[in-house]
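For reference, work37.txt (compact mmCIF, N, CA and C atoms):
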```txt
# COMPACT_ATOMS: atom_id res chain seq x y z
N MET C 1 123.04 61.95 132.31
CA MET C 1 122.13 61.53 133.36
C MET C 1 121.57 60.17 132.98
N ASN C 2 121.72 59.21 133.88
CA ASN C 2 121.23 57.87 133.55
C ASN C 2 119.71 57.77 133.70
N LEU C 3 119.17 56.67 133.20
CA LEU C 3 117.72 56.49 133.18
C LEU C 3 117.11 56.53 134.58
N GLU C 4 117.78 55.88 135.54
CA GLU C 4 117.23 55.83 136.89
C GLU C 4 117.07 57.23 137.49
N THR C 5 118.05 58.07 137.28
CA THR C 5 117.98 59.45 137.79
C THR C 5 116.86 60.22 137.09
N GLN C 6 116.75 60.03 135.78
CA GLN C 6 115.67 60.70 135.03
C GLN C 6 114.30 60.26 135.54
N ILE C 7 114.16 58.97 135.78
CA ILE C 7 112.88 58.42 136.25
C ILE C 7 112.53 59.01 137.61
N MET C 8 113.52 59.07 138.51
CA MET C 8 113.26 59.62 139.85
C MET C 8 112.84 61.09 139.78
N ASP C 9 113.49 61.86 138.91
CA ASP C 9 113.12 63.27 138.75
C ASP C 9 111.70 63.41 138.21
N LYS C 10 111.39 62.62 137.19
CA LYS C 10 110.04 62.67 136.60
C LYS C 10 108.99 62.16 137.58
N LEU C 11 109.37 61.19 138.41
CA LEU C 11 108.45 60.64 139.41
C LEU C 11 108.07 61.71 140.42
N LYS C 12 109.06 62.46 140.88
CA LYS C 12 108.78 63.55 141.83
C LYS C 12 107.88 64.60 141.19
N GLU C 13 108.17 64.92 139.94
CA GLU C 13 107.37 65.91 139.21
C GLU C 13 105.93 65.42 139.04
N ALA C 14 105.76 64.14 138.71
CA ALA C 14 104.42 63.57 138.53
C ALA C 14 103.64 63.57 139.84
N MET C 15 104.35 63.32 140.95
CA MET C 15 103.69 63.36 142.27
C MET C 15 103.20 64.77 142.58
N ARG C 16 104.05 65.75 142.29
CA ARG C 16 103.65 67.14 142.54
C ARG C 16 102.45 67.53 141.69
N ASN C 17 102.44 67.06 140.43
CA ASN C 17 101.36 67.41 139.50
C ASN C 17 100.15 66.50 139.61
N LYS C 18 100.25 65.48 140.47
CA LYS C 18 99.17 64.50 140.65
C LYS C 18 98.76 63.86 139.31
N ASP C 19 99.77 63.55 138.49
CA ASP C 19 99.56 62.92 137.19
C ASP C 19 99.58 61.40 137.37
N GLN C 20 98.39 60.81 137.46
CA GLN C 20 98.27 59.39 137.77
C GLN C 20 98.86 58.48 136.69
N ALA C 21 98.65 58.84 135.42
CA ALA C 21 99.18 58.01 134.32
C ALA C 21 100.70 57.99 134.37
N ALA C 22 101.30 59.15 134.56
CA ALA C 22 102.76 59.23 134.61
C ALA C 22 103.28 58.49 135.84
N LEU C 23 102.63 58.67 136.98
CA LEU C 23 103.04 57.97 138.20
C LEU C 23 103.03 56.46 138.01
N ARG C 24 101.94 55.96 137.46
CA ARG C 24 101.78 54.52 137.25
C ARG C 24 102.89 53.98 136.34
N THR C 25 103.15 54.69 135.26
CA THR C 25 104.15 54.25 134.28
C THR C 25 105.56 54.37 134.82
N LEU C 26 105.87 55.48 135.46
CA LEU C 26 107.21 55.69 136.00
C LEU C 26 107.53 54.67 137.10
N ARG C 27 106.52 54.32 137.88
CA ARG C 27 106.74 53.29 138.90
C ARG C 27 107.01 51.94 138.25
N ALA C 28 106.33 51.67 137.15
CA ALA C 28 106.57 50.41 136.42
C ALA C 28 108.00 50.37 135.86
N ILE C 29 108.46 51.49 135.32
CA ILE C 29 109.83 51.56 134.80
C ILE C 29 110.82 51.38 135.94
N LYS C 30 110.56 52.06 137.05
CA LYS C 30 111.44 51.95 138.22
C LYS C 30 111.51 50.50 138.70
N SER C 31 110.37 49.82 138.67
CA SER C 31 110.31 48.42 139.07
C SER C 31 111.17 47.56 138.15
N GLU C 32 111.11 47.81 136.85
CA GLU C 32 111.93 47.06 135.89
C GLU C 32 113.42 47.30 136.14
N ILE C 33 113.77 48.54 136.47
CA ILE C 33 115.17 48.86 136.76
C ILE C 33 115.62 48.09 138.00
N LEU C 34 114.78 48.06 139.03
CA LEU C 34 115.10 47.32 140.24
C LEU C 34 115.26 45.83 139.97
N LYS C 35 114.37 45.27 139.14
CA LYS C 35 114.47 43.85 138.78
C LYS C 35 115.82 43.58 138.12
N GLU C 36 116.20 44.47 137.22
CA GLU C 36 117.47 44.31 136.50
C GLU C 36 118.65 44.39 137.46
N LYS C 37 118.59 45.32 138.39
CA LYS C 37 119.69 45.49 139.35
C LYS C 37 119.83 44.32 140.30
N THR C 38 118.72 43.66 140.61
CA THR C 38 118.76 42.55 141.56
C THR C 38 118.88 41.19 140.88
N SER C 39 118.98 41.20 139.55
CA SER C 39 119.10 39.93 138.84
C SER C 39 120.50 39.33 139.02
N GLU C 40 120.58 38.03 138.83
CA GLU C 40 121.87 37.34 138.98
C GLU C 40 122.85 37.83 137.91
N GLY C 41 124.07 37.93 138.30
CA GLY C 41 125.10 38.33 137.35
C GLY C 41 125.20 39.82 137.12
N PHE C 42 124.42 40.60 137.85
CA PHE C 42 124.46 42.05 137.67
C PHE C 42 125.61 42.64 138.47
N SER C 43 126.30 43.57 137.84
CA SER C 43 127.37 44.26 138.57
C SER C 43 127.43 45.71 138.12
N GLY C 44 127.36 46.62 139.05
CA GLY C 44 127.51 48.05 138.75
C GLY C 44 126.27 48.69 138.15
N GLU C 45 126.49 49.48 137.10
CA GLU C 45 125.44 50.25 136.46
C GLU C 45 124.76 49.46 135.34
N ILE C 46 123.52 49.82 135.07
CA ILE C 46 122.80 49.23 133.95
C ILE C 46 123.27 49.95 132.69
N SER C 47 123.62 49.19 131.66
CA SER C 47 124.12 49.80 130.42
C SER C 47 122.98 50.48 129.66
N GLU C 48 123.35 51.42 128.80
CA GLU C 48 122.34 52.10 127.99
C GLU C 48 121.61 51.12 127.09
N GLU C 49 122.34 50.11 126.61
CA GLU C 49 121.74 49.10 125.75
C GLU C 49 120.66 48.32 126.50
N THR C 50 120.93 47.97 127.75
CA THR C 50 119.96 47.25 128.57
C THR C 50 118.75 48.14 128.85
N GLU C 51 119.01 49.41 129.16
CA GLU C 51 117.91 50.35 129.40
C GLU C 51 117.02 50.46 128.17
N LEU C 52 117.65 50.56 127.00
CA LEU C 52 116.91 50.69 125.75
C LEU C 52 116.07 49.44 125.49
N LYS C 53 116.65 48.25 125.72
CA LYS C 53 115.91 47.00 125.54
C LYS C 53 114.70 46.96 126.47
N MET C 54 114.92 47.36 127.72
CA MET C 54 113.87 47.32 128.72
C MET C 54 112.71 48.26 128.32
N LEU C 55 113.04 49.48 127.93
CA LEU C 55 112.01 50.45 127.55
C LEU C 55 111.29 50.03 126.26
N THR C 56 112.04 49.49 125.31
CA THR C 56 111.44 49.03 124.06
C THR C 56 110.45 47.91 124.33
N LYS C 57 110.83 46.99 125.21
CA LYS C 57 109.96 45.88 125.58
C LYS C 57 108.68 46.40 126.23
N MET C 58 108.83 47.36 127.13
CA MET C 58 107.66 47.92 127.81
C MET C 58 106.73 48.63 126.81
N ALA C 59 107.32 49.36 125.87
CA ALA C 59 106.52 50.06 124.86
C ALA C 59 105.78 49.06 123.98
N LYS C 60 106.46 47.99 123.60
CA LYS C 60 105.84 46.96 122.77
C LYS C 60 104.67 46.30 123.50
N GLN C 61 104.84 46.04 124.79
CA GLN C 61 103.77 45.45 125.58
C GLN C 61 102.55 46.37 125.57
N ARG C 62 102.77 47.67 125.72
CA ARG C 62 101.66 48.62 125.73
C ARG C 62 100.96 48.66 124.37
N LYS C 63 101.74 48.64 123.29
CA LYS C 63 101.15 48.66 121.94
C LYS C 63 100.32 47.40 121.70
N ASP C 64 100.86 46.25 122.09
CA ASP C 64 100.13 44.99 121.91
C ASP C 64 98.83 44.99 122.71
N SER C 65 98.90 45.46 123.95
CA SER C 65 97.70 45.52 124.80
C SER C 65 96.67 46.47 124.21
N MET C 66 97.15 47.61 123.69
CA MET C 66 96.24 48.58 123.08
C MET C 66 95.49 47.93 121.91
N ALA C 67 96.21 47.20 121.08
CA ALA C 67 95.59 46.55 119.92
C ALA C 67 94.51 45.56 120.36
N VAL C 68 94.82 44.76 121.38
CA VAL C 68 93.86 43.77 121.88
C VAL C 68 92.63 44.47 122.46
N PHE C 69 92.86 45.50 123.27
CA PHE C 69 91.73 46.20 123.89
C PHE C 69 90.85 46.89 122.85
N ASN C 70 91.47 47.50 121.83
CA ASN C 70 90.68 48.13 120.77
C ASN C 70 89.88 47.09 120.00
N GLU C 71 90.48 45.94 119.76
CA GLU C 71 89.83 44.84 119.06
C GLU C 71 88.59 44.36 119.82
N GLN C 72 88.69 44.37 121.15
CA GLN C 72 87.59 43.88 121.99
C GLN C 72 86.62 44.98 122.40
N GLY C 73 86.83 46.19 121.87
CA GLY C 73 85.92 47.29 122.17
C GLY C 73 86.10 47.88 123.56
N ARG C 74 87.27 47.72 124.16
CA ARG C 74 87.53 48.26 125.49
C ARG C 74 88.38 49.52 125.37
N GLU C 75 87.77 50.59 124.89
CA GLU C 75 88.48 51.85 124.67
C GLU C 75 89.03 52.43 125.97
N ASP C 76 88.35 52.18 127.09
CA ASP C 76 88.82 52.70 128.37
C ASP C 76 90.19 52.11 128.73
N LEU C 77 90.34 50.82 128.55
CA LEU C 77 91.61 50.16 128.85
C LEU C 77 92.67 50.52 127.80
N ALA C 78 92.24 50.66 126.55
CA ALA C 78 93.18 51.06 125.49
C ALA C 78 93.72 52.46 125.77
N GLN C 79 92.86 53.33 126.28
CA GLN C 79 93.27 54.70 126.61
C GLN C 79 94.35 54.69 127.70
N THR C 80 94.17 53.85 128.70
CA THR C 80 95.15 53.73 129.78
C THR C 80 96.50 53.29 129.23
N GLU C 81 96.48 52.29 128.34
CA GLU C 81 97.73 51.79 127.74
C GLU C 81 98.39 52.87 126.89
N GLU C 82 97.58 53.64 126.18
CA GLU C 82 98.12 54.72 125.34
C GLU C 82 98.79 55.80 126.19
N GLU C 83 98.17 56.14 127.32
CA GLU C 83 98.77 57.13 128.23
C GLU C 83 100.13 56.63 128.72
N GLU C 84 100.21 55.36 129.08
CA GLU C 84 101.46 54.79 129.57
C GLU C 84 102.51 54.75 128.46
N LEU C 85 102.08 54.43 127.25
CA LEU C 85 102.99 54.38 126.11
C LEU C 85 103.61 55.75 125.85
N LEU C 86 102.81 56.79 125.96
CA LEU C 86 103.33 58.15 125.75
C LEU C 86 104.41 58.51 126.77
N VAL C 87 104.23 58.08 128.00
CA VAL C 87 105.23 58.35 129.04
C VAL C 87 106.51 57.58 128.73
N ILE C 88 106.40 56.32 128.35
CA ILE C 88 107.57 55.49 128.05
C ILE C 88 108.34 56.07 126.86
N GLN C 89 107.61 56.54 125.86
CA GLN C 89 108.26 57.06 124.65
C GLN C 89 109.11 58.30 124.92
N GLN C 90 108.87 58.98 126.02
CA GLN C 90 109.70 60.14 126.38
C GLN C 90 111.16 59.74 126.59
N PHE C 91 111.39 58.50 126.98
CA PHE C 91 112.73 58.02 127.30
C PHE C 91 113.38 57.23 126.17
N LEU C 92 112.61 56.99 125.09
CA LEU C 92 113.13 56.26 123.94
C LEU C 92 113.64 57.23 122.88
N PRO C 93 114.61 56.80 122.07
CA PRO C 93 115.04 57.67 120.97
C PRO C 93 113.91 57.84 119.97
N GLU C 94 113.99 58.91 119.18
CA GLU C 94 112.95 59.19 118.19
C GLU C 94 112.89 58.05 117.18
N GLN C 95 111.68 57.65 116.83
CA GLN C 95 111.49 56.56 115.89
C GLN C 95 111.77 57.02 114.46
N MET C 96 112.38 56.13 113.68
CA MET C 96 112.69 56.42 112.28
C MET C 96 111.43 56.25 111.44
N SER C 97 111.36 57.00 110.33
CA SER C 97 110.23 56.84 109.41
C SER C 97 110.40 55.55 108.62
N GLU C 98 109.34 55.12 107.97
CA GLU C 98 109.39 53.88 107.19
C GLU C 98 110.42 53.99 106.07
N ASP C 99 110.50 55.16 105.43
CA ASP C 99 111.47 55.36 104.34
C ASP C 99 112.90 55.25 104.86
N GLU C 100 113.16 55.83 106.02
CA GLU C 100 114.51 55.77 106.60
C GLU C 100 114.88 54.32 106.94
N VAL C 101 113.93 53.59 107.48
CA VAL C 101 114.17 52.18 107.82
C VAL C 101 114.43 51.38 106.54
N LYS C 102 113.64 51.65 105.51
CA LYS C 102 113.80 50.94 104.24
C LYS C 102 115.20 51.18 103.66
N GLN C 103 115.66 52.43 103.70
CA GLN C 103 117.00 52.75 103.19
C GLN C 103 118.07 52.01 103.99
N LYS C 104 117.92 51.98 105.30
CA LYS C 104 118.90 51.32 106.15
C LYS C 104 118.93 49.81 105.88
N VAL C 105 117.75 49.21 105.74
CA VAL C 105 117.67 47.78 105.47
C VAL C 105 118.28 47.47 104.10
N GLU C 106 118.03 48.33 103.11
CA GLU C 106 118.64 48.15 101.78
C GLU C 106 120.15 48.16 101.88
N SER C 107 120.69 49.11 102.64
CA SER C 107 122.15 49.19 102.77
C SER C 107 122.72 47.96 103.50
N ILE C 108 121.98 47.45 104.47
CA ILE C 108 122.42 46.24 105.18
C ILE C 108 122.41 45.04 104.23
N ILE C 109 121.38 44.95 103.38
CA ILE C 109 121.29 43.85 102.42
C ILE C 109 122.49 43.88 101.48
N GLN C 110 122.86 45.08 101.01
CA GLN C 110 124.02 45.21 100.14
C GLN C 110 125.31 44.89 100.90
N GLN C 111 125.38 45.33 102.14
CA GLN C 111 126.56 45.13 102.98
C GLN C 111 126.86 43.64 103.18
N VAL C 112 125.83 42.83 103.45
CA VAL C 112 126.04 41.40 103.70
C VAL C 112 125.95 40.57 102.42
N GLY C 113 125.56 41.19 101.32
CA GLY C 113 125.46 40.47 100.05
C GLY C 113 124.29 39.52 100.02
N ALA C 114 123.22 39.86 100.70
CA ALA C 114 122.02 39.01 100.73
C ALA C 114 121.31 39.08 99.38
N SER C 115 120.79 37.93 98.94
CA SER C 115 120.12 37.91 97.63
C SER C 115 118.78 37.18 97.64
N SER C 116 118.50 36.43 98.71
CA SER C 116 117.24 35.68 98.74
C SER C 116 116.69 35.61 100.16
N GLN C 117 115.50 35.01 100.28
CA GLN C 117 114.86 34.85 101.58
C GLN C 117 115.72 34.02 102.54
N ALA C 118 116.59 33.19 101.99
CA ALA C 118 117.44 32.34 102.83
C ALA C 118 118.42 33.18 103.65
N ASP C 119 118.68 34.41 103.21
CA ASP C 119 119.63 35.30 103.89
C ASP C 119 118.97 36.22 104.92
N ILE C 120 117.69 36.00 105.18
CA ILE C 120 116.94 36.89 106.08
C ILE C 120 117.55 36.94 107.47
N GLY C 121 118.09 35.83 107.94
CA GLY C 121 118.69 35.79 109.28
C GLY C 121 119.88 36.72 109.41
N LYS C 122 120.74 36.72 108.41
CA LYS C 122 121.91 37.61 108.43
C LYS C 122 121.47 39.07 108.46
N VAL C 123 120.51 39.40 107.60
CA VAL C 123 120.03 40.78 107.49
C VAL C 123 119.37 41.22 108.79
N MET C 124 118.48 40.38 109.32
CA MET C 124 117.73 40.74 110.53
C MET C 124 118.65 40.89 111.74
N GLY C 125 119.68 40.05 111.84
CA GLY C 125 120.61 40.14 112.96
C GLY C 125 121.28 41.50 113.03
N ILE C 126 121.79 41.95 111.89
CA ILE C 126 122.47 43.24 111.84
C ILE C 126 121.46 44.38 111.98
N ALA C 127 120.33 44.26 111.27
CA ALA C 127 119.32 45.33 111.29
C ALA C 127 118.76 45.56 112.70
N MET C 128 118.47 44.49 113.41
CA MET C 128 117.91 44.64 114.75
C MET C 128 118.93 45.28 115.69
N LYS C 129 120.19 44.94 115.52
CA LYS C 129 121.23 45.52 116.36
C LYS C 129 121.39 47.02 116.08
N GLU C 130 121.42 47.38 114.80
CA GLU C 130 121.64 48.77 114.41
C GLU C 130 120.42 49.66 114.64
N LEU C 131 119.23 49.09 114.50
CA LEU C 131 118.00 49.90 114.58
C LEU C 131 117.24 49.72 115.90
N GLN C 132 117.87 49.05 116.86
CA GLN C 132 117.21 48.78 118.14
C GLN C 132 116.73 50.08 118.78
N GLY C 133 115.44 50.10 119.12
CA GLY C 133 114.87 51.26 119.78
C GLY C 133 114.49 52.38 118.83
N LYS C 134 114.98 52.32 117.60
CA LYS C 134 114.71 53.38 116.63
C LYS C 134 113.60 53.01 115.66
N ALA C 135 113.31 51.70 115.57
CA ALA C 135 112.26 51.24 114.66
C ALA C 135 111.65 49.95 115.20
N ASP C 136 110.42 49.71 114.81
CA ASP C 136 109.69 48.53 115.26
C ASP C 136 110.22 47.29 114.55
N GLY C 137 110.41 46.22 115.29
CA GLY C 137 110.93 44.98 114.73
C GLY C 137 110.06 44.39 113.63
N LYS C 138 108.74 44.53 113.77
CA LYS C 138 107.82 44.01 112.76
C LYS C 138 108.02 44.74 111.44
N LEU C 139 108.21 46.05 111.51
CA LEU C 139 108.43 46.86 110.31
C LEU C 139 109.75 46.47 109.65
N ILE C 140 110.78 46.31 110.44
CA ILE C 140 112.10 45.92 109.92
C ILE C 140 111.98 44.58 109.21
N SER C 141 111.33 43.62 109.85
CA SER C 141 111.17 42.28 109.28
C SER C 141 110.37 42.33 107.98
N ALA C 142 109.27 43.06 107.98
CA ALA C 142 108.43 43.14 106.78
C ALA C 142 109.20 43.76 105.61
N LEU C 143 109.93 44.84 105.89
CA LEU C 143 110.70 45.49 104.83
C LEU C 143 111.82 44.59 104.32
N ALA C 144 112.50 43.88 105.22
CA ALA C 144 113.58 42.98 104.82
C ALA C 144 113.04 41.87 103.92
N ARG C 145 111.92 41.29 104.31
CA ARG C 145 111.31 40.22 103.51
C ARG C 145 110.89 40.74 102.14
N GLN C 146 110.30 41.93 102.13
CA GLN C 146 109.83 42.54 100.89
C GLN C 146 111.02 42.82 99.95
N LEU C 147 112.08 43.37 100.49
CA LEU C 147 113.24 43.71 99.67
C LEU C 147 113.97 42.46 99.17
N LEU C 148 114.00 41.41 99.99
CA LEU C 148 114.69 40.19 99.56
C LEU C 148 113.87 39.37 98.56
N SER C 149 112.56 39.55 98.55
CA SER C 149 111.73 38.78 97.62
C SER C 149 111.65 39.44 96.24
N SER C 150 112.04 40.70 96.16
CA SER C 150 111.95 41.38 94.86
C SER C 150 113.24 41.33 94.08
```
Would you mind writing the file out in structure tokens?
Amino acid sequence: MNLETQIMDKLKEAMRNKDQAALRTLRAIKSEILKEKTSEGFSGEISEETELKMLTKMAKQRKDSMAVFNEQGREDLAQTEEEELLVIQQFLPEQMSEDEVKQKVESIIQQVGASSQADIGKVMGIAMKELQGKADGKLISALARQLLSS
């Protein structure tokens, strides 16, 4: 079942349950899908990779907004962002633990033969491709830098 079908099913369910947070978020996801479908150069179905990128971007936006709102003492707005993030995360793959990410980054470093900070680009390119949607980019970057500096 593709993402669009899942969203439509969840949207109907949220309407029946009068779940405003889910409705708001699912409509936002549906809007992103529509934008992608109407963009130039689009043909046929949206790939799983594109869906994953889209959802990851939306989740990151919610996390960033939550951090800003908490920083400014706006817990009400942070709560709204957190509710939306929880809905988005239902459609994302399970996130890897920090230890799992560290092991994967170590194996990538060995795979490409990276030995210094100058090789960070090679490591990050492969790591981001392999761990997309499964781990936060900031965490991957921090671990890669830490492992290459030691």
- Write out as a list in words which residues come within 8 Å of Leu143 in chain C when counting all atoms listed in the file, dropping same-chain ones fewer than 6 positions away. Val101, Lys102, Val105, Glu106, Gly137 and Ser149 of chain C
Just-selected residues, N, CA and C atoms written as an mmCIF file, in the coordinates of the input:
```cif
data_model
loop_
_atom_site.group_PDB
_atom_site.id
_atom_site.type_symbol
_atom_site.label_atom_id
_atom_site.label_comp_id
_atom_site.auth_asym_id
_atom_site.auth_seq_id
_atom_site.Cartn_x
_atom_site.Cartn_y
_atom_site.Cartn_z
ATOM 1 N N VAL C 101 113.930 53.590 107.480
ATOM 2 C CA VAL C 101 114.170 52.180 107.820
ATOM 3 C C VAL C 101 114.430 51.380 106.540
ATOM 4 N N LYS C 102 113.640 51.650 105.510
ATOM 5 C CA LYS C 102 113.800 50.940 104.240
ATOM 6 C C LYS C 102 115.200 51.180 103.660
ATOM 7 N N VAL C 105 117.750 49.210 105.740
ATOM 8 C CA VAL C 105 117.670 47.780 105.470
ATOM 9 C C VAL C 105 118.280 47.470 104.100
ATOM 10 N N GLU C 106 118.030 48.330 103.110
ATOM 11 C CA GLU C 106 118.640 48.150 101.780
ATOM 12 C C GLU C 106 120.150 48.160 101.880
ATOM 13 N N GLY C 137 110.410 46.220 115.290
ATOM 14 C CA GLY C 137 110.930 44.980 114.730
ATOM 15 C C GLY C 137 110.060 44.390 113.630
ATOM 16 N N SER C 149 112.560 39.550 98.550
ATOM 17 C CA SER C 149 111.730 38.780 97.620
ATOM 18 C C SER C 149 111.650 39.440 96.240
#
```
- Query: So how far away is CA of Val123 in chain C from CA of Leu148 in chain C, in Å?
  - Reply: 9.6 Å
- Which one of C:Glu49, C:Glu83, C:Glu75, C:Glu4 sits closest to Leu131 in chain C if you count only C-alpha atoms? C:Glu49
- Message: Using only C-alpha atoms, can you tell me which of C:Ala142, C:Ala135, C:Ile29, C:Leu52 comes closest to Glu94 in chain C?
- Response: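 Smallest distance to Glu94 in chain C is found for C:Ala135.
Distance-wise, CA of Val112 in chain C and atom C of Glu100 in chain C end up 17.4 Å apart.
CA of Asp136 in chain C is positioned 11.3 Å from atom N of Lys63 in chain C.
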- Cut-off 12 Å around (109.9, 62.8, 135.9) with only C-alpha atoms: residues as a PyMOL selection string: chain C and resi 3-19+21-27+29-30+87-88+90-91
Please produce a file of those selected residues containing N, CA and C atoms, as a PDB file, keeping the file's coordinate frame.
```pdb
ATOM      1  N   LEU C   3     119.170  56.670 133.200  1.00  0.00           N
ATOM      2  CA  LEU C   3     117.720  56.490 133.180  1.00  0.00           C
ATOM      3  C   LEU C   3     117.110  56.530 134.580  1.00  0.00           C
ATOM      4  N   GLU C   4     117.780  55.880 135.540  1.00  0.00           N
ATOM      5  CA  GLU C   4     117.230  55.830 136.890  1.00  0.00           C
ATOM      6  C   GLU C   4     117.070  57.230 137.490  1.00  0.00           C
ATOM      7  N   THR C   5     118.050  58.070 137.280  1.00  0.00           N
ATOM      8  CA  THR C   5     117.980  59.450 137.790  1.00  0.00           C
ATOM      9  C   THR C   5     116.860  60.220 137.090  1.00  0.00           C
ATOM     10  N   GLN C   6     116.750  60.030 135.780  1.00  0.00           N
ATOM     11  CA  GLN C   6     115.670  60.700 135.030  1.00  0.00           C
ATOM     12  C   GLN C   6     114.300  60.260 135.540  1.00  0.00           C
ATOM     13  N   ILE C   7     114.160  58.970 135.780  1.00  0.00           N
ATOM     14  CA  ILE C   7     112.880  58.420 136.250  1.00  0.00           C
ATOM     15  C   ILE C   7     112.530  59.010 137.610  1.00  0.00           C
ATOM     16  N   MET C   8     113.520  59.070 138.510  1.00  0.00           N
ATOM     17  CA  MET C   8     113.260  59.620 139.850  1.00  0.00           C
ATOM     18  C   MET C   8     112.840  61.090 139.780  1.00  0.00           C
ATOM     19  N   ASP C   9     113.490  61.860 138.910  1.00  0.00           N
ATOM     20  CA  ASP C   9     113.120  63.270 138.750  1.00  0.00           C
ATOM     21  C   ASP C   9     111.700  63.410 138.210  1.00  0.00           C
ATOM     22  N   LYS C  10     111.390  62.620 137.190  1.00  0.00           N
ATOM     23  CA  LYS C  10     110.040  62.670 136.600  1.00  0.00           C
ATOM     24  C   LYS C  10     108.990  62.160 137.580  1.00  0.00           C
ATOM     25  N   LEU C  11     109.370  61.190 138.410  1.00  0.00           N
ATOM     26  CA  LEU C  11     108.450  60.640 139.410  1.00  0.00           C
ATOM     27  C   LEU C  11     108.070  61.710 140.420  1.00  0.00           C
ATOM     28  N   LYS C  12     109.060  62.460 140.880  1.00  0.00           N
ATOM     29  CA  LYS C  12     108.780  63.550 141.830  1.00  0.00           C
ATOM     30  C   LYS C  12     107.880  64.600 141.190  1.00  0.00           C
ATOM     31  N   GLU C  13     108.170  64.920 139.940  1.00  0.00           N
ATOM     32  CA  GLU C  13     107.370  65.910 139.210  1.00  0.00           C
ATOM     33  C   GLU C  13     105.930  65.420 139.040  1.00  0.00           C
ATOM     34  N   ALA C  14     105.760  64.140 138.710  1.00  0.00           N
ATOM     35  CA  ALA C  14     104.420  63.570 138.530  1.00  0.00           C
ATOM     36  C   ALA C  14     103.640  63.570 139.840  1.00  0.00           C
ATOM     37  N   MET C  15     104.350  63.320 140.950  1.00  0.00           N
ATOM     38  CA  MET C  15     103.690  63.360 142.270  1.00  0.00           C
ATOM     39  C   MET C  15     103.200  64.770 142.580  1.00  0.00           C
ATOM     40  N   ARG C  16     104.050  65.750 142.290  1.00  0.00           N
ATOM     41  CA  ARG C  16     103.650  67.140 142.540  1.00  0.00           C
ATOM     42  C   ARG C  16     102.450  67.530 141.690  1.00  0.00           C
ATOM     43  N   ASN C  17     102.440  67.060 140.430  1.00  0.00           N
ATOM     44  CA  ASN C  17     101.360  67.410 139.500  1.00  0.00           C
ATOM     45  C   ASN C  17     100.150  66.500 139.610  1.00  0.00           C
ATOM     46  N   LYS C  18     100.250  65.480 140.470  1.00  0.00           N
ATOM     47  CA  LYS C  18      99.170  64.500 140.650  1.00  0.00           C
ATOM     48  C   LYS C  18      98.760  63.860 139.310  1.00  0.00           C
ATOM     49  N   ASP C  19      99.770  63.550 138.490  1.00  0.00           N
ATOM     50  CA  ASP C  19      99.560  62.920 137.190  1.00  0.00           C
ATOM     51  C   ASP C  19      99.580  61.400 137.370  1.00  0.00           C
ATOM     52  N   ALA C  21      98.650  58.840 135.420  1.00  0.00           N
ATOM     53  CA  ALA C  21      99.180  58.010 134.320  1.00  0.00           C
ATOM     54  C   ALA C  21     100.700  57.990 134.370  1.00  0.00           C
ATOM     55  N   ALA C  22     101.300  59.150 134.560  1.00  0.00           N
ATOM     56  CA  ALA C  22     102.760  59.230 134.610  1.00  0.00           C
ATOM     57  C   ALA C  22     103.280  58.490 135.840  1.00  0.00           C
ATOM     58  N   LEU C  23     102.630  58.670 136.980  1.00  0.00           N
ATOM     59  CA  LEU C  23     103.040  57.970 138.200  1.00  0.00           C
ATOM     60  C   LEU C  23     103.030  56.460 138.010  1.00  0.00           C
ATOM     61  N   ARG C  24     101.940  55.960 137.460  1.00  0.00           N
ATOM     62  CA  ARG C  24     101.780  54.520 137.250  1.00  0.00           C
ATOM     63  C   ARG C  24     102.890  53.980 136.340  1.00  0.00           C
ATOM     64  N   THR C  25     103.150  54.690 135.260  1.00  0.00           N
ATOM     65  CA  THR C  25     104.150  54.250 134.280  1.00  0.00           C
ATOM     66  C   THR C  25     105.560  54.370 134.820  1.00  0.00           C
ATOM     67  N   LEU C  26     105.870  55.480 135.460  1.00  0.00           N
ATOM     68  CA  LEU C  26     107.210  55.690 136.000  1.00  0.00           C
ATOM     69  C   LEU C  26     107.530  54.670 137.100  1.00  0.00           C
ATOM     70  N   ARG C  27     106.520  54.320 137.880  1.00  0.00           N
ATOM     71  CA  ARG C  27     106.740  53.290 138.900  1.00  0.00           C
ATOM     72  C   ARG C  27     107.010  51.940 138.250  1.00  0.00           C
ATOM     73  N   ILE C  29     108.460  51.490 135.320  1.00  0.00           N
ATOM     74  CA  ILE C  29     109.830  51.560 134.800  1.00  0.00           C
ATOM     75  C   ILE C  29     110.820  51.380 135.940  1.00  0.00           C
ATOM     76  N   LYS C  30     110.560  52.060 137.050  1.00  0.00           N
ATOM     77  CA  LYS C  30     111.440  51.950 138.220  1.00  0.00           C
ATOM     78  C   LYS C  30     111.510  50.500 138.700  1.00  0.00           C
ATOM     79  N   VAL C  87     104.230  58.080 128.000  1.00  0.00           N
ATOM     80  CA  VAL C  87     105.230  58.350 129.040  1.00  0.00           C
ATOM     81  C   VAL C  87     106.510  57.580 128.730  1.00  0.00           C
ATOM     82  N   ILE C  88     106.400  56.320 128.350  1.00  0.00           N
ATOM     83  CA  ILE C  88     107.570  55.490 128.050  1.00  0.00           C
ATOM     84  C   ILE C  88     108.340  56.070 126.860  1.00  0.00           C
ATOM     85  N   GLN C  90     108.870  58.980 126.020  1.00  0.00           N
ATOM     86  CA  GLN C  90     109.700  60.140 126.380  1.00  0.00           C
ATOM     87  C   GLN C  90     111.160  59.740 126.590  1.00  0.00           C
ATOM     88  N   PHE C  91     111.390  58.500 126.980  1.00  0.00           N
ATOM     89  CA  PHE C  91     112.730  58.020 127.300  1.00  0.00           C
ATOM     90  C   PHE C  91     113.380  57.230 126.170  1.00  0.00           C
TER      91      PHE C  91
END
```
- Task: Taking the chain letters and numbering used in this document, name the residues of range 76-129 of chain C that DSSP puts in alpha helix (DSSP H), as an NGL selection string.
- Result: :C and (76-89 or 98-112 or 120-129)
- Sel. within 8 Å of pt (119.3, 45.9, 123.4), counting only N, CA and C atoms, output as a list in words: Glu48, Glu49, Thr50, Glu51, Leu52, Lys53, Met54, Met128, Lys129, Gln132 and Gly133 of chain C
